[in-house]
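These notes are about the structure you will find just below.
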Amino acid sequence: MLSLLLLLLLLPPRGCAEPPGLAQLPRLAPLQSPDLLYADGLRAYAAGAWERAVALLREALRSRAEVGRARRDCGARCAAEPGTELPPVPSNDPGSDFSPGPWERLLLRAALRRAECLSQCAARRLGPRGAAGHRAVRALRDAFRRREPYNYLQRAYYKLKKLDLAVAAAHTYYVANPKHLQIREDMVKYHRMSGVRRQSFRDLENPLHWAAYDEGLELLKRQEVAAALPLLEEALRESLAQMENCRAECEGPEEQLAEEEKEEEGEAQPESQSGLYEAIAGHWIRVLQCRQRCPGAVATRPGQDSPISDFLPSQLWQLQEAHAQVGNLSQAVENALSILLFYPEDEAVNGALKKYQKLLGEQSPDLSAREDIRHFVLQSLGEKKLLYYAMVHLGTSFKDPDPWTPENLIPEGLRKKLREDQEKRPWDSKPPEPESLAKWRDIHFLEGVTLTQDAGQLNGSERAVLDGLLTPTECKILLQLAKDAARTGDGYRSRRSPHTPHEFFEGLTVLRAAQLAQAGAVGRQGAKLLLEASERARNLTEAYFSPGWPLHLSFTHLVCRTAIDGEQEQRMDLSHPVHADNCLLDPYSGECWKEPPAYTYRDYSGLLYLNDDFQGGDLFFTEPDALTVTAQVRPQCGRLVAFSSGRENPHGVWAVTKGRRCTLALWHTRAPEHMEQDRAEAEMLLREQEELEEGEIPSGGSSPEPPSALGRRPQQTRLEVERQRPAREEL
């Protein structure tokens, strides 16, 4: 509701191509501005006028799509109009017919003719004011990019009892906003509803290249290569078409480019100049930078922030392999040659190419790379060359998004700096291999600790279950500490139920435990054991997975989750959804994105369990699809489950349906600057308290303080301790 009100404030009062999968609406003529339609749709939504809200929101989506299509079509048409082509750059040859004066006039004439063509085309498509009458403020562009109209549509459709459309709209919004808590809960409810068909969960905005790409990969997994080939070809064609659409959008209003540029780290421009040529150069540089970001935008799935690396070369690799498998060796050669336009020295591609050429014999010399890929590469390299020139001579900056840019294209003076920027930190390099399991069994076990399951028994890699880290007495001490000191929402930004509405979560950090112990609100024994137990787990994790490469605790969190009575009937969600600990897991693609808000510096994770007197709550591991369960572990006192934090170990927790489940959750890092700072402070507080309680008698004739005063500062209530500096919340 808050976002709805903010958007209404941003928009003035009032005086499509339909998204795929929705029925056609009657068009409102002439085409109205999408921002005004969206504003009216939100007003109707707020008033509970569901039919009108649906009509206006869908028309806003259609209008926005039509505005984008008009800009792209007009740009392509006017670029091909006679007299609008830009003149060639004058040659430095003294005998050239060009001189600066005539060339400038040719350039200006071509620019004016193209501007006239674009203006007239937009007026025919969009109305008398053309594209200028359909500009949207930044907040509205962001709302459409995040697919927010679909969030309102799903609610309106639900109110109208159009369940199939409500589910489709909700799924469309969820794909682009997978971490939105409310839509996650809505999706769970839709899955539980009777009468909801599986086919209803469809993405109404799914780009054509992703639809073809995913379907093609699925067929390849099933070894249906012949059926996959047309889809893979379609995915590549649509990817290139999407890039052209993106490039056309880069020729939009200058202020829009300037706003987008501010978001791109490392591409800030110098202060705008008043001169004609400086202004032209500045705008053109922003257009080129925007175009260079288009391949990354096309390679980024909805809802993600990072693109699939080398998206085009990877598609070409899949195509050359698939063509070779069905005997289309000529097409395999063309795709292999196309990959070499990006990576000329790639050994695997060159090896495959030689094999294909040998099989083809005399037919192979006439074959060449795909023309569409050749055009893309030459076009991109030409733009990069101009941007690097601007870096050297105009003081601009440019962050090249492509790893395949030839080094000889980069000015020599910039190469060293760019290499330094790309150098990895020491802890990013590949860690040493773990010692053999047999040697580890002989050397590293603590007394009473046993290895219950290794990675092979857990059907994965870098996973282990160890028992005996805590005695039953120690588990009881930590459970009592959790009962006395754990606070609802601690470590979860004060959210009582961060992962599911059917359980509430309580947490305790090592620093807060030490502060409460110092104030006398909890026993020092429990706070001290919390530190000792986490250090035991760290030692074992380091010895097992990372010998010779120190691990540091980055966060320690005693957390309990409790089933809420009366909320468990027909429950279908998880206590903790499937995730990885140092990257954002995308079940659709199997990718895991190492980017914020993920804690990318985490290397290993550990879960030290304190009890088993509850129902549900088992830990489970899955494949990257977040669906296929590969292993399951039942908590019990003193059991440690340790595993690497990346894509190889997606995990979740089954619903706790009765009782209270308590765990000491631990995350380890090889990066010393990310080690837990609160830990040192907690150790110091407990050490100070221990020294005071030992009753050291000062020298001289003064009398010792009475026992009741030893080790105490001015009396603090528990509430006062809670008001002290909050612990760092990492979950």
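Residue numbers start at 1 in each chain; chains themselves are named A, B, ... in the order of the structure tokens; ligands are numbered from 1 in the order shown.
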
Hey, what's within 12 Å of region 74-85 of chain A if we count only C-alpha atoms and toss same-chain stuff fewer than 4 positions away? As a ChimeraX atom specification, please?
/A:66-70,106-126,130-131,244-252

Just list as number ranges by chain whatever in region 344-574 of chain A DSSP marks as alpha helix (DSSP H).
A: 347-360, 371-394, 412-422, 437-443, 472-485, 510-518, 524-545

Quick one: everything within 8 Å of region 579-584 of chain A, counting only C-alpha atoms, minus sequence neighbours fewer than 2 positions away in the same chain. Send it as a VMD selection string.
chain A and resid 577 586 592 to 595 598 to 603 605 626 645 to 647 649 to 652
